[in-house]
Each structure stands twice: as C-alpha cells, then as structure tokens.
$ cat upload34.csv   # CSV, N, CA and C atoms
chain,number,residue,atom,x,y,z
M,134,MET,N,8.0,-14.0,8.2
M,134,MET,CA,8.0,-12.9,7.2
M,134,MET,C,8.6,-13.4,5.9
M,135,PHE,N,8.2,-12.9,4.8
M,135,PHE,CA,8.7,-13.3,3.5
M,135,PHE,C,9.9,-12.5,3.2
M,136,LYS,N,10.9,-13.1,2.5
M,136,LYS,CA,12.1,-12.5,2.2
M,136,LYS,C,12.3,-12.0,0.8
M,137,LYS,N,11.3,-12.3,-0.1
M,137,LYS,CA,11.4,-11.9,-1.5
M,137,LYS,C,11.2,-10.4,-1.7
M,138,GLU,N,11.7,-9.9,-2.8
M,138,GLU,CA,11.6,-8.4,-3.1
M,138,GLU,C,10.1,-8.1,-3.3
M,139,ILE,N,9.8,-6.9,-2.7
M,139,ILE,CA,8.4,-6.4,-2.8
M,139,ILE,C,8.5,-5.2,-3.6
M,140,PRO,N,7.8,-5.1,-4.8
M,140,PRO,CA,7.9,-4.0,-5.7
M,140,PRO,C,7.2,-2.7,-5.1
M,141,GLY,N,7.7,-1.6,-5.6
M,141,GLY,CA,7.0,-0.3,-5.2
M,141,GLY,C,6.1,0.1,-6.3
M,142,GLY,N,5.9,1.4,-6.5
M,142,GLY,CA,5.1,2.0,-7.5
M,142,GLY,C,5.8,2.6,-8.6
M,143,VAL,N,5.1,3.3,-9.4
M,143,VAL,CA,5.7,4.0,-10.6
M,143,VAL,C,6.6,5.2,-10.2
M,144,VAL,N,6.1,6.0,-9.3
M,144,VAL,CA,6.8,7.1,-8.8
M,144,VAL,C,7.4,6.9,-7.4
M,145,HIS,N,6.6,6.3,-6.6
M,145,HIS,CA,6.9,6.1,-5.1
M,145,HIS,C,7.6,4.8,-4.9
M,146,THR,N,8.6,4.8,-4.0
M,146,THR,CA,9.2,3.6,-3.5
M,146,THR,C,8.4,3.1,-2.3
M,147,LEU,N,8.5,1.8,-2.1
M,147,LEU,CA,7.7,1.2,-1.0
M,147,LEU,C,8.3,1.6,0.4
M,148,PRO,N,7.6,2.3,1.2
M,148,PRO,CA,8.1,2.6,2.5
M,148,PRO,C,8.3,1.4,3.4
M,149,THR,N,9.2,1.4,4.3
M,149,THR,CA,9.5,0.3,5.1
M,149,THR,C,8.3,-0.2,6.0
M,150,ASP,N,7.6,0.7,6.6
M,150,ASP,CA,6.5,0.3,7.4
M,150,ASP,C,5.4,-0.4,6.6
M,151,LEU,N,5.1,0.0,5.4
M,151,LEU,CA,4.1,-0.7,4.6
M,151,LEU,C,4.7,-2.0,4.1
M,152,ARG,N,6.0,-2.0,3.7
M,152,ARG,CA,6.6,-3.2,3.2
M,152,ARG,C,6.6,-4.3,4.3
M,153,ASP,N,6.9,-3.9,5.6
M,153,ASP,CA,6.8,-4.9,6.7
M,153,ASP,C,5.4,-5.5,6.9
M,154,LYS,N,4.4,-4.7,6.8
M,154,LYS,CA,3.0,-5.2,6.9
M,154,LYS,C,2.6,-6.1,5.8
M,155,LEU,N,3.0,-5.7,4.6
M,155,LEU,CA,2.7,-6.6,3.4
M,155,LEU,C,3.4,-7.9,3.6
M,156,ALA,N,4.7,-7.9,4.0
M,156,ALA,CA,5.5,-9.1,4.2
M,156,ALA,C,4.9,-10.0,5.3
M,157,SER,N,4.1,-9.4,6.2
M,157,SER,CA,3.6,-10.3,7.3
M,157,SER,C,2.2,-10.9,6.9
M,158,SER,N,1.7,-10.6,5.7
M,158,SER,CA,0.5,-11.2,5.3
M,158,SER,C,0.6,-11.8,3.9
M,159,LYS,N,0.6,-13.1,3.8
M,159,LYS,CA,0.7,-13.7,2.5
M,159,LYS,C,-0.4,-13.3,1.5
M,160,ASP,N,-1.6,-13.2,2.0
M,160,ASP,CA,-2.8,-12.9,1.2
M,160,ASP,C,-2.6,-11.4,0.6
M,161,ALA,N,-2.2,-10.5,1.5
M,161,ALA,CA,-2.0,-9.1,1.1
M,161,ALA,C,-0.9,-9.0,0.1
M,162,LEU,N,0.2,-9.7,0.4
M,162,LEU,CA,1.4,-9.7,-0.4
M,162,LEU,C,1.0,-10.3,-1.8
M,163,ASP,N,0.3,-11.3,-1.9
M,163,ASP,CA,-0.1,-11.9,-3.2
M,163,ASP,C,-0.9,-10.9,-3.9
M,164,ALA,N,-1.9,-10.2,-3.3
M,164,ALA,CA,-2.7,-9.2,-3.9
M,164,ALA,C,-1.8,-8.0,-4.4
M,165,TRP,N,-0.9,-7.6,-3.6
M,165,TRP,CA,0.1,-6.5,-4.0
M,165,TRP,C,0.8,-6.9,-5.2
M,166,GLN,N,1.3,-8.1,-5.3
M,166,GLN,CA,2.1,-8.6,-6.4
M,166,GLN,C,1.2,-8.6,-7.7
M,167,ASP,N,-0.1,-8.8,-7.5
M,167,ASP,CA,-1.0,-8.9,-8.6
M,167,ASP,C,-1.5,-7.6,-9.2
M,168,ILE,N,-1.4,-6.5,-8.5
M,168,ILE,CA,-1.9,-5.2,-9.0
M,168,ILE,C,-0.8,-4.6,-9.8
M,169,THR,N,-1.1,-3.6,-10.6
M,169,THR,CA,-0.2,-2.9,-11.5
M,169,THR,C,0.7,-2.0,-10.7
M,170,PRO,N,1.9,-1.6,-11.3
M,170,PRO,CA,2.7,-0.6,-10.6
M,170,PRO,C,2.0,0.7,-10.4
M,171,LEU,N,1.1,1.1,-11.2
M,171,LEU,CA,0.4,2.3,-11.1
M,171,LEU,C,-0.6,2.2,-9.9
M,172,ALA,N,-1.2,1.0,-9.7
M,172,ALA,CA,-2.1,0.8,-8.6
M,172,ALA,C,-1.3,0.8,-7.3
M,173,ARG,N,-0.1,0.2,-7.3
M,173,ARG,CA,0.7,0.2,-6.1
M,173,ARG,C,1.1,1.6,-5.7
M,174,ASN,N,1.4,2.4,-6.8
M,174,ASN,CA,1.8,3.8,-6.5
M,174,ASN,C,0.7,4.5,-5.8
M,175,GLU,N,-0.6,4.3,-6.2
M,175,GLU,CA,-1.7,4.9,-5.6
M,175,GLU,C,-1.8,4.5,-4.1
M,176,TRP,N,-1.7,3.3,-3.8
M,176,TRP,CA,-1.7,2.8,-2.4
M,176,TRP,C,-0.6,3.5,-1.6
M,177,ILE,N,0.6,3.5,-2.1
M,177,ILE,CA,1.8,4.1,-1.4
M,177,ILE,C,1.5,5.6,-1.2
M,178,CYS,N,1.1,6.3,-2.2
M,178,CYS,CA,0.8,7.7,-2.1
M,178,CYS,C,-0.2,8.0,-1.0
M,179,TRP,N,-1.3,7.2,-1.0
M,179,TRP,CA,-2.3,7.3,-0.1
M,179,TRP,C,-1.8,7.1,1.4
M,180,VAL,N,-0.9,6.3,1.6
M,180,VAL,CA,-0.3,6.0,2.9
M,180,VAL,C,0.7,7.2,3.3
M,181,ILE,N,1.5,7.7,2.4
M,181,ILE,CA,2.5,8.7,2.7
M,181,ILE,C,2.0,10.1,2.7
M,182,SER,N,0.8,10.3,2.2
M,182,SER,CA,0.3,11.7,2.0
M,182,SER,C,-0.4,12.3,3.3
M,183,VAL,N,-0.5,11.4,4.3
M,183,VAL,CA,-1.1,11.9,5.5
M,183,VAL,C,-0.1,12.6,6.4
M,184,LYS,N,-0.6,13.4,7.4
M,184,LYS,CA,0.3,14.2,8.2
M,184,LYS,C,0.6,13.5,9.6
M,185,LYS,N,-0.4,12.9,10.1
M,185,LYS,CA,-0.3,12.3,11.5
M,185,LYS,C,0.1,10.8,11.4
M,186,ILE,N,1.0,10.4,12.3
M,186,ILE,CA,1.4,9.0,12.4
M,186,ILE,C,0.3,8.1,12.6
M,187,GLU,N,-0.7,8.5,13.5
M,187,GLU,CA,-1.8,7.6,13.7
M,187,GLU,C,-2.6,7.4,12.5
M,188,THR,N,-2.8,8.4,11.7
M,188,THR,CA,-3.5,8.2,10.4
M,188,THR,C,-2.8,7.3,9.4
M,189,ARG,N,-1.5,7.5,9.4
M,189,ARG,CA,-0.6,6.6,8.5
M,189,ARG,C,-0.8,5.2,9.0
M,190,LYS,N,-0.7,4.9,10.2
M,190,LYS,CA,-0.9,3.5,10.7
M,190,LYS,C,-2.2,3.0,10.3
M,191,ASP,N,-3.3,3.8,10.4
M,191,ASP,CA,-4.6,3.4,10.0
M,191,ASP,C,-4.7,3.1,8.5
M,192,HIS,N,-4.0,3.9,7.7
M,192,HIS,CA,-4.0,3.7,6.3
M,192,HIS,C,-3.3,2.4,5.9
M,193,ILE,N,-2.2,2.1,6.6
M,193,ILE,CA,-1.4,0.9,6.3
M,193,ILE,C,-2.3,-0.3,6.7
M,194,LYS,N,-3.0,-0.2,7.8
M,194,LYS,CA,-3.9,-1.3,8.2
M,194,LYS,C,-5.0,-1.5,7.2
M,195,ARG,N,-5.5,-0.4,6.7
M,195,ARG,CA,-6.6,-0.5,5.7
M,195,ARG,C,-6.0,-1.0,4.3
M,196,VAL,N,-4.8,-0.7,4.0
M,196,VAL,CA,-4.2,-1.2,2.7
M,196,VAL,C,-4.3,-2.8,2.8
M,197,ILE,N,-3.8,-3.3,3.9
M,197,ILE,CA,-3.7,-4.8,4.1
M,197,ILE,C,-5.1,-5.4,4.0
M,198,GLU,N,-6.1,-4.8,4.8
M,198,GLU,CA,-7.4,-5.3,4.8
M,198,GLU,C,-8.1,-5.2,3.4
M,199,GLU,N,-7.9,-4.1,2.8
M,199,GLU,CA,-8.6,-3.9,1.5
M,199,GLU,C,-8.0,-4.7,0.4
M,200,LEU,N,-6.7,-4.9,0.4
M,200,LEU,CA,-6.1,-5.8,-0.6
M,200,LEU,C,-6.6,-7.2,-0.4
M,201,ILE,N,-6.7,-7.7,0.8
M,201,ILE,CA,-7.2,-9.0,1.1
M,201,ILE,C,-8.6,-9.2,0.6
M,202,LYS,N,-9.4,-8.1,0.7
M,202,LYS,CA,-10.8,-8.1,0.2
M,202,LYS,C,-10.9,-8.0,-1.3
M,203,GLY,N,-9.8,-7.8,-2.0
M,203,GLY,CA,-9.8,-7.7,-3.4
M,203,GLY,C,-9.8,-6.3,-4.0
M,204,LYS,N,-9.7,-5.3,-3.2
M,204,LYS,CA,-9.7,-3.9,-3.7
M,204,LYS,C,-8.3,-3.7,-4.4
M,205,ARG,N,-8.3,-3.0,-5.5
M,205,ARG,CA,-7.1,-2.8,-6.3
M,205,ARG,C,-6.5,-1.4,-6.1
M,206,ARG,N,-7.4,-0.5,-5.6
M,206,ARG,CA,-6.9,0.9,-5.4
M,206,ARG,C,-7.6,1.5,-4.2
M,207,PRO,N,-7.1,2.6,-3.6
M,207,PRO,CA,-7.8,3.2,-2.5
M,207,PRO,C,-9.1,3.8,-3.0
M,208,CYS,N,-10.1,3.6,-2.2
M,208,CYS,CA,-11.5,4.0,-2.5
M,208,CYS,C,-11.6,5.5,-2.0
M,209,CYS,N,-12.4,6.2,-2.8
M,209,CYS,CA,-12.8,7.6,-2.4
M,209,CYS,C,-11.6,8.5,-2.2
M,210,TRP,N,-10.6,8.4,-3.0
M,210,TRP,CA,-9.4,9.2,-2.9
M,210,TRP,C,-9.1,9.8,-4.3
M,211,ALA,N,-8.8,11.0,-4.4
M,211,ALA,CA,-8.6,11.6,-5.8
M,211,ALA,C,-7.4,11.0,-6.5
M,212,GLY,N,-6.5,10.4,-5.9
M,212,GLY,CA,-5.4,9.7,-6.5
M,212,GLY,C,-4.1,10.5,-6.4
M,213,CYS,N,-3.0,9.9,-6.8
M,213,CYS,CA,-1.6,10.4,-6.6
M,213,CYS,C,-1.5,11.6,-7.6
M,214,VAL,N,-1.0,12.7,-7.0
M,214,VAL,CA,-0.8,13.9,-7.8
M,214,VAL,C,0.7,13.9,-8.3
M,215,HIS,N,1.5,12.9,-7.9
M,215,HIS,CA,2.9,12.9,-8.3
M,215,HIS,C,3.2,12.2,-9.6
M,216,ARG,N,2.2,11.6,-10.3
M,216,ARG,CA,2.5,10.9,-11.5
M,216,ARG,C,2.3,11.7,-12.7
$ encode --input "upload34.csv" --output "structure tokens"
Amino acid sequence: MFKKEIPGGVVHTLPTDLRDKLASSKDALDAWQDITPLARNEWICWVISVKKIETRKDHIKRVIEELIKGKRRPCCWAGCVHR
C-alpha cells in the first residue's frame, strides 16, 4: 500500500474505503492524482450517494476499474449536487 497523501475533491473528503482501494492500485492512484479536484469530487459523490453497502462496494470497484481504463468521471450520472 502507498503511504503518500491522497487528495479528495472540491466539496467531499476522500472516504477511507475508497482511499484504501486507491492506495492498493498504483495505476488507479496515478489516474486519481491526474484528474482535477472537481472530477475527484464527482467520483467521491458517486460512491457516497448510494444507500446500500453492496452498491457502494460495487461503485468503489468500478471507480478503480474505470480510472485504470482512462475514464475521468462517472459515466451516465447527473453529477454531484453538492457543488
């Protein structure tokens, strides 16, 4: 696991479960570091906006997979309403 600071978003702080998954994948972490704070905010909000823990786990898994594939924001989502 990587020990360096992992930045959050504009409005949202990085939740521990997402931080841990990012830290466990160098490629995902590199992609996370490369996107804007606003884009990171969108990913974080997408993860924390769900109600069920199973859905949250699925979203975290998809964040890692999609960042590695080069996606910079969640697809097919209206976006963070908190900004």
$ atom_distance --input "upload34.csv" --atom1 "atom N of M:His192" --atom2 "atom N of M:Asp163"
18.5 Å
$ atom_distance --input "upload34.csv" --atom1 "atom N of M:Pro207" --atom2 "atom CA of M:Lys194"
12.8 Å
$ axis_aligned_box --input "upload34.csv" --around "stretch 202-206 of chain M" --padding-each-side "4 Å" --output "lines of an AutoDock Vina configuration file"
center_x = -8.7
center_y = -3.3
center_z = -2.8
size_x = 12.4
size_y = 17.6
size_z = 15.0
$ residues_around --input "upload34.csv" --residues "M:Ile139" --least-positions-apart "4" --cutoff "8 Å" --atoms "only C-alpha atoms" --output "list in words"
Leu147, Arg152 and Gln166 of chain M
$ residues_around --input "upload34.csv" --residues "M:Ile193" --least-positions-apart "4" --cutoff "8 Å" --atoms "only N, CA and C atoms" --output "PyMOL selection string"
chain M and resi 150-151+154-155+179-181+187-189+197-199
$ residues_around --input "upload34.csv" --residues "M:Val143" --least-positions-apart "6" --cutoff "7 Å" --atoms "only C-alpha atoms" --output "MDAnalysis selection string"
chainID M and resid 170:171 174
$ atom_distance --input "upload34.csv" --atom1 "atom N of M:Lys202" --atom2 "atom C of M:Val144"
23.9 Å
$ closest_residue --input "upload34.csv" --among "M:Ile177, M:Cys208, M:Leu200, M:Ala164" --to "M:His145" --atoms "all atoms listed in the file"
M:Ile177
$ closest_residue --input "upload34.csv" --among "M:Arg205, M:Arg173, M:Lys184, M:Arg195" --to "M:Pro148" --atoms "only C-alpha atoms"
M:Arg173
$ select_by_dssp --input "upload34.csv" --residues "chain M" --states "helix (DSSP H, G or I)" --output "ChimeraX atom specification"
/M:149-156,159-167,170-181,186-202
$ write_last_selection --input "upload34.csv" --atoms "N, CA and C atoms" --output "short mmCIF file (atom, residue, chain, number, x, y, z; two decimals), in the frame of the given file"
data_model
loop_
_atom_site.label_atom_id
_atom_site.label_comp_id
_atom_site.auth_asym_id
_atom_site.auth_seq_id
_atom_site.Cartn_x
_atom_site.Cartn_y
_atom_site.Cartn_z
N THR M 149 9.20 1.40 4.30
CA THR M 149 9.50 0.30 5.10
C THR M 149 8.30 -0.20 6.00
N ASP M 150 7.60 0.70 6.60
CA ASP M 150 6.50 0.30 7.40
C ASP M 150 5.40 -0.40 6.60
N LEU M 151 5.10 0.00 5.40
CA LEU M 151 4.10 -0.70 4.60
C LEU M 151 4.70 -2.00 4.10
N ARG M 152 6.00 -2.00 3.70
CA ARG M 152 6.60 -3.20 3.20
C ARG M 152 6.60 -4.30 4.30
N ASP M 153 6.90 -3.90 5.60
CA ASP M 153 6.80 -4.90 6.70
C ASP M 153 5.40 -5.50 6.90
N LYS M 154 4.40 -4.70 6.80
CA LYS M 154 3.00 -5.20 6.90
C LYS M 154 2.60 -6.10 5.80
N LEU M 155 3.00 -5.70 4.60
CA LEU M 155 2.70 -6.60 3.40
C LEU M 155 3.40 -7.90 3.60
N ALA M 156 4.70 -7.90 4.00
CA ALA M 156 5.50 -9.10 4.20
C ALA M 156 4.90 -10.00 5.30
N LYS M 159 0.60 -13.10 3.80
CA LYS M 159 0.70 -13.70 2.50
C LYS M 159 -0.40 -13.30 1.50
N ASP M 160 -1.60 -13.20 2.00
CA ASP M 160 -2.80 -12.90 1.20
C ASP M 160 -2.60 -11.40 0.60
N ALA M 161 -2.20 -10.50 1.50
CA ALA M 161 -2.00 -9.10 1.10
C ALA M 161 -0.90 -9.00 0.10
N LEU M 162 0.20 -9.70 0.40
CA LEU M 162 1.40 -9.70 -0.40
C LEU M 162 1.00 -10.30 -1.80
N ASP M 163 0.30 -11.30 -1.90
CA ASP M 163 -0.10 -11.90 -3.20
C ASP M 163 -0.90 -10.90 -3.90
N ALA M 164 -1.90 -10.20 -3.30
CA ALA M 164 -2.70 -9.20 -3.90
C ALA M 164 -1.80 -8.00 -4.40
N TRP M 165 -0.90 -7.60 -3.60
CA TRP M 165 0.10 -6.50 -4.00
C TRP M 165 0.80 -6.90 -5.20
N GLN M 166 1.30 -8.10 -5.30
CA GLN M 166 2.10 -8.60 -6.40
C GLN M 166 1.20 -8.60 -7.70
N ASP M 167 -0.10 -8.80 -7.50
CA ASP M 167 -1.00 -8.90 -8.60
C ASP M 167 -1.50 -7.60 -9.20
N PRO M 170 1.90 -1.60 -11.30
CA PRO M 170 2.70 -0.60 -10.60
C PRO M 170 2.00 0.70 -10.40
N LEU M 171 1.10 1.10 -11.20
CA LEU M 171 0.40 2.30 -11.10
C LEU M 171 -0.60 2.20 -9.90
N ALA M 172 -1.20 1.00 -9.70
CA ALA M 172 -2.10 0.80 -8.60
C ALA M 172 -1.30 0.80 -7.30
N ARG M 173 -0.10 0.20 -7.30
CA ARG M 173 0.70 0.20 -6.10
C ARG M 173 1.10 1.60 -5.70
N ASN M 174 1.40 2.40 -6.80
CA ASN M 174 1.80 3.80 -6.50
C ASN M 174 0.70 4.50 -5.80
N GLU M 175 -0.60 4.30 -6.20
CA GLU M 175 -1.70 4.90 -5.60
C GLU M 175 -1.80 4.50 -4.10
N TRP M 176 -1.70 3.30 -3.80
CA TRP M 176 -1.70 2.80 -2.40
C TRP M 176 -0.60 3.50 -1.60
N ILE M 177 0.60 3.50 -2.10
CA ILE M 177 1.80 4.10 -1.40
C ILE M 177 1.50 5.60 -1.20
N CYS M 178 1.10 6.30 -2.20
CA CYS M 178 0.80 7.70 -2.10
C CYS M 178 -0.20 8.00 -1.00
N TRP M 179 -1.30 7.20 -1.00
CA TRP M 179 -2.30 7.30 -0.10
C TRP M 179 -1.80 7.10 1.40
N VAL M 180 -0.90 6.30 1.60
CA VAL M 180 -0.30 6.00 2.90
C VAL M 180 0.70 7.20 3.30
N ILE M 181 1.50 7.70 2.40
CA ILE M 181 2.50 8.70 2.70
C ILE M 181 2.00 10.10 2.70
N ILE M 186 1.00 10.40 12.30
CA ILE M 186 1.40 9.00 12.40
C ILE M 186 0.30 8.10 12.60
N GLU M 187 -0.70 8.50 13.50
CA GLU M 187 -1.80 7.60 13.70
C GLU M 187 -2.60 7.40 12.50
N THR M 188 -2.80 8.40 11.70
CA THR M 188 -3.50 8.20 10.40
C THR M 188 -2.80 7.30 9.40
N ARG M 189 -1.50 7.50 9.40
CA ARG M 189 -0.60 6.60 8.50
C ARG M 189 -0.80 5.20 9.00
N LYS M 190 -0.70 4.90 10.20
CA LYS M 190 -0.90 3.50 10.70
C LYS M 190 -2.20 3.00 10.30
N ASP M 191 -3.30 3.80 10.40
CA ASP M 191 -4.60 3.40 10.00
C ASP M 191 -4.70 3.10 8.50
N HIS M 192 -4.00 3.90 7.70
CA HIS M 192 -4.00 3.70 6.30
C HIS M 192 -3.30 2.40 5.90
N ILE M 193 -2.20 2.10 6.60
CA ILE M 193 -1.40 0.90 6.30
C ILE M 193 -2.30 -0.30 6.70
N LYS M 194 -3.00 -0.20 7.80
CA LYS M 194 -3.90 -1.30 8.20
C LYS M 194 -5.00 -1.50 7.20
N ARG M 195 -5.50 -0.40 6.70
CA ARG M 195 -6.60 -0.50 5.70
C ARG M 195 -6.00 -1.00 4.30
N VAL M 196 -4.80 -0.70 4.00
CA VAL M 196 -4.20 -1.20 2.70
C VAL M 196 -4.30 -2.80 2.80
N ILE M 197 -3.80 -3.30 3.90
CA ILE M 197 -3.70 -4.80 4.10
C ILE M 197 -5.10 -5.40 4.00
N GLU M 198 -6.10 -4.80 4.80
CA GLU M 198 -7.40 -5.30 4.80
C GLU M 198 -8.10 -5.20 3.40
N GLU M 199 -7.90 -4.10 2.80
CA GLU M 199 -8.60 -3.90 1.50
C GLU M 199 -8.00 -4.70 0.40
N LEU M 200 -6.70 -4.90 0.40
CA LEU M 200 -6.10 -5.80 -0.60
C LEU M 200 -6.60 -7.20 -0.40
N ILE M 201 -6.70 -7.70 0.80
CA ILE M 201 -7.20 -9.00 1.10
C ILE M 201 -8.60 -9.20 0.60
N LYS M 202 -9.40 -8.10 0.70
CA LYS M 202 -10.80 -8.10 0.20
C LYS M 202 -10.90 -8.00 -1.30
#
